[in-house]
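Chemist: File follows, entry.cif with mmCIF, C-alpha atoms:
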```cif
data_structure
#
loop_
_atom_site.label_atom_id
_atom_site.label_comp_id
_atom_site.auth_asym_id
_atom_site.auth_seq_id
_atom_site.Cartn_x
_atom_site.Cartn_y
_atom_site.Cartn_z
CA MET I 1 0.00 0.00 0.00
CA THR I 2 1.32 3.45 -0.92
CA LEU I 3 0.20 7.06 -0.62
CA LEU I 4 2.43 9.55 -2.41
CA ALA I 5 1.90 13.30 -2.42
CA ASN I 6 0.45 14.48 -5.75
CA ASP I 7 -0.20 10.94 -6.99
CA PRO I 8 -3.34 11.29 -9.19
CA GLY I 9 -4.39 7.77 -8.18
CA HIS I 10 -4.37 8.69 -4.46
CA LEU I 11 -4.42 5.72 -2.06
CA THR I 12 -2.93 2.70 -3.86
CA TYR I 13 -3.15 -0.94 -2.86
CA GLY I 14 -2.41 -4.41 -4.14
CA ARG I 15 0.18 -6.25 -6.14
CA VAL I 16 -0.37 -4.23 -9.32
CA GLN I 17 -1.44 -0.88 -7.93
CA THR I 18 -5.19 -0.46 -7.84
CA THR I 19 -6.19 3.08 -6.87
CA LEU I 20 -8.84 4.90 -4.90
CA ALA I 21 -9.34 7.57 -7.57
CA SER I 22 -9.99 5.09 -10.40
CA GLY I 23 -12.70 3.27 -8.44
CA ASN I 24 -10.85 -0.03 -8.81
CA LEU I 25 -9.90 -0.14 -5.14
CA TYR I 26 -13.62 -0.24 -4.35
CA LEU I 27 -14.13 -3.14 -6.76
CA LEU I 28 -11.22 -5.09 -5.26
CA ILE I 29 -12.28 -4.62 -1.64
CA ARG I 30 -15.89 -5.42 -2.52
CA ALA I 31 -14.77 -8.68 -4.14
CA TYR I 32 -12.69 -9.55 -1.06
CA CYS I 33 -15.48 -8.79 1.40
CA ALA I 34 -17.83 -11.01 -0.62
CA GLU I 35 -15.61 -14.04 0.06
CA PRO I 36 -17.16 -16.08 2.92
CA ASP I 37 -13.77 -16.86 4.48
CA ALA I 38 -12.25 -13.37 4.21
CA ALA I 39 -10.58 -12.84 7.59
CA ARG I 40 -10.64 -9.01 7.47
CA ALA I 41 -13.99 -8.46 5.80
CA ALA I 42 -15.60 -7.09 8.96
CA ALA I 43 -12.92 -4.39 9.23
CA LEU I 44 -13.08 -3.38 5.57
CA ALA I 45 -16.80 -3.68 4.74
CA PRO I 46 -17.74 -0.40 6.52
CA TYR I 47 -15.45 1.45 4.09
CA LEU I 48 -17.24 0.22 0.96
CA PRO I 49 -19.69 3.17 0.67
CA ARG I 50 -16.86 5.70 0.90
CA LEU I 51 -14.68 3.72 -1.50
CA GLU I 52 -17.58 3.56 -3.97
CA ASP I 53 -18.04 7.34 -3.71
CA LEU I 54 -14.30 7.87 -4.38
CA ASP I 55 -14.00 9.72 -1.09
CA LEU I 56 -10.47 11.13 -1.26
CA GLY I 57 -10.68 11.82 2.47
CA LEU I 58 -9.78 8.14 2.86
CA ASP I 59 -6.20 9.14 2.01
CA HIS I 60 -5.98 10.42 5.58
CA ASP I 61 -8.06 7.82 7.40
CA ALA I 62 -5.70 6.29 9.95
CA ALA I 63 -7.58 3.02 10.36
CA LEU I 64 -7.94 2.07 6.68
CA PRO I 65 -4.21 1.54 5.96
CA TRP I 66 -3.98 -0.70 9.02
CA ALA I 67 -6.95 -2.76 7.85
CA LEU I 68 -5.55 -3.04 4.32
CA ARG I 69 -2.16 -4.18 5.57
CA LYS I 70 -3.73 -6.81 7.80
CA ALA I 71 -5.86 -8.02 4.90
CA GLY I 72 -2.72 -8.26 2.79
CA ALA I 73 -1.57 -11.16 4.96
CA ASP I 74 -4.79 -13.09 4.33
CA PRO I 75 -4.47 -15.89 1.71
CA VAL I 76 -8.02 -15.07 0.68
CA MET I 77 -6.87 -11.57 -0.29
CA HIS I 78 -4.04 -13.11 -2.32
CA ARG I 79 -6.51 -15.31 -4.16
CA THR I 80 -8.95 -12.44 -4.65
CA GLN I 81 -6.24 -10.18 -6.03
CA ASP I 82 -4.97 -12.81 -8.45
CA ALA I 83 -8.44 -13.25 -9.94
CA PHE I 84 -9.27 -9.53 -9.81
CA PHE I 85 -6.11 -8.26 -11.47
CA ASP I 86 -6.23 -10.92 -14.15
CA ARG I 87 -9.78 -9.86 -14.97
CA VAL I 88 -9.36 -6.08 -14.65
CA TYR I 89 -5.85 -5.55 -16.04
CA TRP I 90 -4.29 -8.61 -17.68
CA ALA I 91 -7.20 -9.84 -19.83
CA PRO I 92 -8.06 -6.32 -21.12
CA ALA I 93 -4.38 -5.70 -21.88
CA VAL I 94 -4.12 -8.91 -23.90
CA ARG I 95 -7.25 -7.97 -25.86
CA SER I 96 -5.86 -4.47 -26.49
CA ALA I 97 -2.57 -5.90 -27.73
CA GLU I 98 -4.25 -8.45 -29.98
CA ALA I 99 -6.51 -5.76 -31.46
CA LEU I 100 -3.36 -3.93 -32.60
CA GLY I 101 -1.74 -7.08 -33.97
CA ILE I 102 0.75 -7.28 -31.09
CA ARG I 103 1.69 -10.89 -30.38
CA SER I 104 5.19 -10.77 -28.84
CA ALA I 105 5.84 -11.13 -25.11
CA LEU I 106 7.64 -7.77 -24.97
CA GLY I 107 4.95 -5.92 -26.91
CA THR I 108 2.24 -7.39 -24.70
CA ALA I 109 4.24 -6.42 -21.60
CA VAL I 110 4.39 -2.81 -22.83
CA VAL I 111 0.60 -2.74 -23.24
CA TYR I 112 0.06 -4.41 -19.86
CA ASP I 113 2.35 -1.92 -18.10
CA SER I 114 0.28 0.96 -19.47
CA HIS I 115 -2.97 -0.67 -18.38
CA ILE I 116 -1.57 -0.90 -14.86
CA HIS I 117 0.06 2.53 -14.84
CA GLY I 118 -2.80 4.36 -16.57
CA SER I 119 -3.52 6.53 -19.62
CA TRP I 120 -3.12 3.66 -22.11
CA GLN I 121 -5.85 4.82 -24.50
CA ARG I 122 -4.65 8.43 -24.54
CA LEU I 123 -1.05 7.50 -25.41
CA ARG I 124 -2.07 4.72 -27.82
CA ASP I 125 -4.14 7.18 -29.84
CA ALA I 126 -1.45 9.88 -29.67
CA CYS I 127 1.16 7.43 -30.97
CA SER I 128 -1.02 6.24 -33.84
CA ALA I 129 -1.96 9.82 -34.79
CA THR I 130 1.70 10.86 -34.94
CA HIS I 131 3.44 7.76 -36.26
CA GLY I 132 0.73 5.73 -37.96
CA ALA I 133 -1.44 2.76 -37.09
CA ALA I 134 0.07 -0.46 -35.84
CA ALA I 135 -1.40 -2.33 -38.81
CA THR I 136 0.54 -0.01 -41.14
CA LEU I 137 3.84 0.20 -39.25
CA GLY I 138 4.01 -3.39 -38.09
CA GLU I 139 4.24 -4.56 -34.50
CA GLN I 140 7.87 -3.84 -33.73
CA ALA I 141 7.98 -0.36 -35.27
CA TRP I 142 4.72 0.65 -33.57
CA VAL I 143 5.79 -0.64 -30.14
CA ARG I 144 9.07 1.29 -30.43
CA ALA I 145 7.16 4.44 -31.39
CA TYR I 146 4.67 3.94 -28.55
CA VAL I 147 7.39 3.48 -25.92
CA GLU I 148 9.13 6.67 -27.11
CA THR I 149 5.80 8.56 -27.13
CA ARG I 150 5.07 7.48 -23.58
CA ARG I 151 8.64 8.14 -22.42
CA ALA I 152 8.44 11.71 -23.73
CA TRP I 153 5.00 12.24 -22.16
CA LEU I 154 6.10 11.01 -18.74
CA GLY I 155 9.44 12.83 -18.93
CA GLN I 156 7.74 16.18 -19.62
CA HIS I 157 4.70 15.69 -17.40
CA SER I 158 3.57 18.64 -15.28
CA ASN I 159 3.43 16.33 -12.24
CA ALA I 160 6.98 15.90 -10.94
CA LEU I 161 6.03 12.58 -9.37
CA LEU I 162 5.06 11.14 -12.75
CA ARG I 163 8.29 12.38 -14.31
CA LYS I 164 10.09 10.00 -11.96
CA THR I 165 8.24 7.05 -13.48
CA VAL I 166 9.93 7.56 -16.87
CA TYR I 167 12.25 4.71 -15.80
CA ARG I 168 9.50 2.31 -16.87
CA MET I 169 9.84 3.30 -20.53
CA GLN I 170 13.62 3.49 -20.31
CA ALA I 171 13.60 -0.13 -19.14
CA PHE I 172 11.47 -1.12 -22.12
CA GLN I 173 13.76 0.81 -24.46
CA ALA I 174 16.73 -1.21 -23.18
CA LEU I 175 14.86 -4.46 -23.85
CA LEU I 176 13.90 -3.22 -27.32
CA ALA I 177 17.50 -2.32 -28.07
CA ALA I 178 18.55 -5.84 -27.01
CA GLY I 179 15.90 -7.39 -29.28
CA SER I 180 14.32 -9.23 -26.34
CA TRP I 181 10.93 -9.64 -28.02
CA ALA I 182 10.39 -13.11 -26.56
CA LEU I 183 11.49 -12.09 -23.04
CA ALA I 184 13.32 -15.40 -22.78
CA LEU I 185 14.52 -16.02 -19.22
CA PRO I 186 16.76 -14.89 -17.74
CA PHE I 187 16.88 -11.21 -18.74
CA THR I 188 17.92 -8.07 -16.89
CA VAL I 189 15.85 -4.98 -16.10
CA ARG I 190 17.40 -2.02 -14.27
CA GLY I 191 20.24 -4.19 -13.00
CA VAL I 192 17.93 -6.90 -11.70
CA THR I 193 18.08 -10.37 -13.21
CA ILE I 194 14.60 -11.71 -13.91
CA ASP I 195 14.25 -15.46 -13.73
CA GLU I 196 11.59 -17.67 -12.20
CA ALA I 197 11.54 -15.62 -9.01
CA VAL I 198 9.25 -12.61 -8.73
CA LEU I 199 11.35 -9.63 -7.79
CA ALA I 200 10.10 -6.19 -6.76
CA GLY I 201 10.96 -3.09 -4.75
CA GLY I 202 12.86 0.20 -4.90
CA VAL I 203 10.76 1.92 -7.60
CA VAL I 204 8.33 4.84 -7.74
CA ARG I 205 4.77 3.54 -8.26
CA ALA I 206 2.86 6.75 -8.95
CA SER I 207 -0.28 6.17 -11.01
CA ALA I 208 -0.77 7.79 -14.40
CA GLU I 209 -4.50 7.06 -14.26
CA VAL I 210 -6.33 9.72 -16.24
CA ALA I 211 -9.04 11.63 -14.40
CA GLU I 212 -11.57 11.33 -17.23
CA VAL I 213 -11.91 7.55 -16.82
CA HIS I 214 -14.46 6.79 -14.10
CA LEU I 215 -16.64 3.93 -13.01
CA LEU I 216 -20.04 4.31 -14.66
CA ARG I 217 -22.94 3.06 -12.56
CA LEU I 218 -26.49 3.78 -11.43
CA ARG I 219 -26.56 6.43 -8.74
CA GLN I 220 -29.34 8.32 -7.00
CA ARG I 221 -28.35 11.36 -9.03
CA PHE I 222 -27.99 9.92 -12.53
CA LEU I 223 -24.58 10.21 -14.18
CA GLN I 224 -24.72 12.18 -17.43
CA GLY I 225 -22.28 12.97 -20.20
CA GLU I 226 -20.58 11.87 -23.40
CA ASP I 227 -18.91 8.92 -21.66
CA VAL I 228 -22.36 7.55 -20.80
CA ARG I 229 -23.52 8.16 -24.38
CA ALA I 230 -20.47 6.29 -25.70
CA LEU I 231 -21.34 3.40 -23.37
CA GLN I 232 -24.92 3.34 -24.63
CA ARG I 233 -23.77 3.28 -28.25
CA ALA I 234 -21.34 0.46 -27.49
CA LEU I 235 -24.10 -1.55 -25.81
CA THR I 236 -26.35 -1.06 -28.83
CA ALA I 237 -23.53 -2.11 -31.17
CA ALA I 238 -23.12 -5.22 -29.03
CA GLY I 239 -26.76 -6.12 -29.61
CA ILE I 240 -28.32 -4.70 -26.44
CA ALA I 241 -30.30 -1.68 -27.57
CA VAL I 242 -30.54 1.31 -25.25
CA GLU I 243 -31.39 4.92 -26.06
CA PRO I 244 -28.16 7.00 -26.41
CA ASP I 245 -29.46 9.88 -24.28
CA GLY I 246 -26.27 10.29 -22.22
CA VAL I 247 -28.08 9.51 -18.95
CA PHE I 248 -27.14 6.46 -16.86
CA GLY I 249 -30.61 5.54 -15.65
CA SER I 250 -32.28 2.23 -14.87
CA ALA I 251 -32.55 1.23 -18.54
CA THR I 252 -28.80 1.62 -19.04
CA HIS I 253 -28.13 -0.20 -15.77
CA ASP I 254 -30.28 -3.13 -16.93
CA ALA I 255 -28.56 -3.12 -20.34
CA VAL I 256 -25.13 -3.22 -18.71
CA GLN I 257 -26.17 -6.14 -16.53
CA ALA I 258 -27.52 -8.01 -19.56
CA PHE I 259 -24.24 -7.48 -21.41
CA GLN I 260 -22.20 -8.55 -18.38
CA ARG I 261 -24.19 -11.75 -17.99
CA ARG I 262 -23.71 -12.54 -21.67
CA ALA I 263 -19.97 -11.83 -21.45
CA GLY I 264 -19.48 -13.94 -18.33
CA LEU I 265 -18.63 -10.90 -16.17
CA THR I 266 -19.90 -10.00 -12.71
CA ALA I 267 -23.40 -8.69 -13.45
CA ASP I 268 -23.33 -5.72 -11.07
CA GLY I 269 -24.24 -3.00 -13.57
CA ILE I 270 -20.94 -1.19 -12.87
CA VAL I 271 -18.85 -0.30 -15.92
CA GLY I 272 -15.26 -0.77 -14.80
CA PRO I 273 -12.12 -1.79 -16.73
CA ALA I 274 -13.25 -5.35 -17.51
CA THR I 275 -16.63 -4.25 -18.90
CA ARG I 276 -15.08 -1.33 -20.78
CA SER I 277 -12.60 -3.66 -22.41
CA ARG I 278 -15.26 -6.13 -23.53
CA LEU I 279 -17.25 -3.25 -25.04
CA GLY I 280 -14.20 -1.81 -26.77
CA LEU I 281 -14.35 1.46 -24.85
#
```
Output the file's structure as C-alpha cells, nothing else.

Modeler:
Amino acid sequence: MTLLANDPGHLTYGRVQTTLASGNLYLLIRAYCAEPDAARAAALAPYLPRLEDLDLGLDHDAALPWALRKAGADPVMHRTQDAFFDRVYWAPAVRSAEALGIRSALGTAVVYDSHIHGSWQRLRDACSATHGAAATLGEQAWVRAYVETRRAWLGQHSNALLRKTVYRMQAFQALLAAGSWALALPFTVRGVTIDEAVLAGGVVRASAEVAEVHLLRLRQRFLQGEDVRALQRALTAAGIAVEPDGVFGSATHDAVQAFQRRAGLTADGIVGPATRSRLGL
C-alpha cells in the first residue's frame, strides 16, 4: 500500500497498484469482502460506501491503511487479487494488444504496463496519430514508437512525481534495443536479473491514471455525459439496444447487466475496466 503526495491515483493498494481515484480499489475490496472466508472483511466492509463514492478523504483515514495491511496477509486476499487483477488488467491488456496485432511477449508487456500505470488509450491514440497505425507500421515499429511517445509524455509531465516514473519506458527501451521480443529467461531490467523468481521493490509507483476515466454506474443522481452516451452506443452495437441519451438511468443499468451476464462478467451493472474492455471502450 502506498500514498504519495500528488499521486493522481491517491491511495494505492495491491500487487499491481489499484487506486482509490480510479474506483478499482472499491471493486477489489468489494470482491474480497464477498468471500465467505475473508478474515478481514468485517474491518473493511464499513469502508465500501466511501470507496464507492471515491471519497479522497480516505487518504488520511488512519484506520484504513492498518486494515488493508492486515488483509494483505490473508491468503483469501491473495486469491482475490490474483483473480481480480487478471480480470481487470491482464485480460483487457491482452485484448488491447491483440486488437493492434501485437503478439510478442515484450509488446504485450508494454501494453500491460500501461494498463496498470494508466492513460493507455490516450497515449495509444497519440502514438497512432503521430506515427501511424500499428497495422501499417508493423508490431515492432509501432511498439518502439509507442514506448518513445510514452517516455516523452512522462518525462515532460507537469506532475513531478510522474516524471520520476519515466524509468518504466527506459527499461522497455533497453529491452527493445537488445531485441528481447520473446522475453526469454533470464533477462535483466534495471540491473535486476529476472528469472523464475518474482522480484520487486525500490521503484516509484505513482499512477498515471487519467481523471476522465471513471466507473459508470447507477446512482441516485444519474450520471450524465458523453462517456455515458459512448457506453450506450457500445451496448447497442453489441446487440443490447438502449437509447443514447447520455443519462445512466435504470434502462442503461439493466442493459449493462444483460451485457455482463452474456460476457461472463460479474453482473453488477458497474462499468469498470473489464466491462469497458469487452465493449471496446

Chemist: So how far away is atom CA of Leu20 of chain I from atom CA of Leu265 of chain I, in Å?

Modeler: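 One can read the atom CA of Leu265 of chain I to atom CA of Leu20 of chain I distance as 21.7 Å.
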
Chemist: Please identify every residue of segment 146-256 of chain I that has at least one atom no farther than 10 Å from an atom of segment 38-57 of chain I, counting all atoms listed in the file, and for each give the shortest atom pair and the distance in Å to one decimal, arranged by chain then increasing number, as a tab-separated table.

Modeler:
```
residue	atom	partner	partner_atom	distance
I:His214	CA	I:Leu54	CA	9.8
I:Leu215	CA	I:Glu52	CA	9.1
I:Arg219	CA	I:Asp53	CA	9.9
```

Chemist: Between I:Ala21, I:Glu243, I:Arg190, I:Glu148, which is the closest to Tyr167 of chain I once you count all atoms listed in the file?

Modeler: I:Arg190

Chemist: Convert the output of the PyMOL selection byres ((chain I and resi 169) around 12) on the shown file into explicit residues, formatted as a PyMOL selection string.

Modeler: chain I and resi 109-111+113-114+117+143-155+163-168+170-176+189-190

Chemist: Could you jot down the atom CA of Tyr26 of chain I to atom CA of Thr266 of chain I separation for me, Å, one decimal place?

Modeler: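 Value for the atom CA of Tyr26 of chain I-atom CA of Thr266 of chain I distance: 14.3 Å.
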
Chemist: I need the output of the PyMOL selection byres ((chain I and resi 59) around 10) for this file as number ranges by chain; which residues are they?

Modeler: I: 2-4, 10-12, 20, 55-58, 60-62, 64-65

Chemist: With C-alpha atoms retained, export the selected residues as a CSV table (one decimal), in the frame of the given file.

Modeler:
```csv
chain,number,residue,atom,x,y,z
I,2,THR,CA,1.3,3.4,-0.9
I,3,LEU,CA,0.2,7.1,-0.6
I,4,LEU,CA,2.4,9.6,-2.4
I,10,HIS,CA,-4.4,8.7,-4.5
I,11,LEU,CA,-4.4,5.7,-2.1
I,12,THR,CA,-2.9,2.7,-3.9
I,20,LEU,CA,-8.8,4.9,-4.9
I,55,ASP,CA,-14.0,9.7,-1.1
I,56,LEU,CA,-10.5,11.1,-1.3
I,57,GLY,CA,-10.7,11.8,2.5
I,58,LEU,CA,-9.8,8.1,2.9
I,60,HIS,CA,-6.0,10.4,5.6
I,61,ASP,CA,-8.1,7.8,7.4
I,62,ALA,CA,-5.7,6.3,10.0
I,64,LEU,CA,-7.9,2.1,6.7
I,65,PRO,CA,-4.2,1.5,6.0
```

Chemist: Would you mind telling me which residue in I:Ser180, I:Ser277, I:Ser119, I:Thr80 lies nearest to Pro8 of chain I when using all atoms listed in the file?

Modeler: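 Checking each candidate against Pro8 of chain I, we get I:Ser119 as the closest.
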
Chemist: If you measure from atom CA of Gly272 of chain I to atom CA of Gln257 of chain I, what distance in Å do you get, rounded to one decimal?

Modeler: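 Value for the atom CA of Gly272 of chain I-atom CA of Gln257 of chain I distance: 12.3 Å.
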
Chemist: Pick from I:Val247, I:Leu279, I:Met77, I:Leu183: nearest to Arg30 of chain I, with only C-alpha atoms counted?

Modeler: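 Looking at the shortest contact to Arg30 of chain I, the residue is I:Met77.
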
Chemist: Between I:Thr130, I:Ser158, I:Asn24, I:Thr275, which has the minimum distance to Arg262 of chain I (counting all atoms listed in the file)?

Modeler: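 Among I:Thr130, I:Ser158, I:Asn24, I:Thr275, it is I:Thr275 that comes nearest to Arg262 of chain I.
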
Chemist: Using all atoms listed in the file, which of I:Gly191, I:Gly118, I:Gly101, I:Gly9 sits nearest Leu137 of chain I?

Modeler: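 Checking each of I:Gly191, I:Gly118, I:Gly101, I:Gly9 against Leu137 of chain I, counting all atoms listed in the file, the winner is I:Gly101.
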
Chemist: Excluding same-chain residues fewer than 6 positions from Gly280 of chain I, what lies within 10 Å of it counting only C-alpha atoms, as a ChimeraX atom specification?

Modeler: /I:92,95-96,99,231,234-235,238,274

Chemist: Could you check which of I:Glu98, I:Asp195, I:Asp37, I:Asp7 is closest to Val76 of chain I, using all atoms listed in the file?

Modeler: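 Distance minimum relative to Val76 of chain I lands on I:Asp37.
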
Chemist: Here's the selection I'm unsure about, the PyMOL selection byres ((chain I and resi 225-230) around 10); applied to the file above, which residues does it give, as a PyMOL selection string?

Modeler: chain I and resi 212-214+216-217+223-224+231-236+242-249+252+271+281
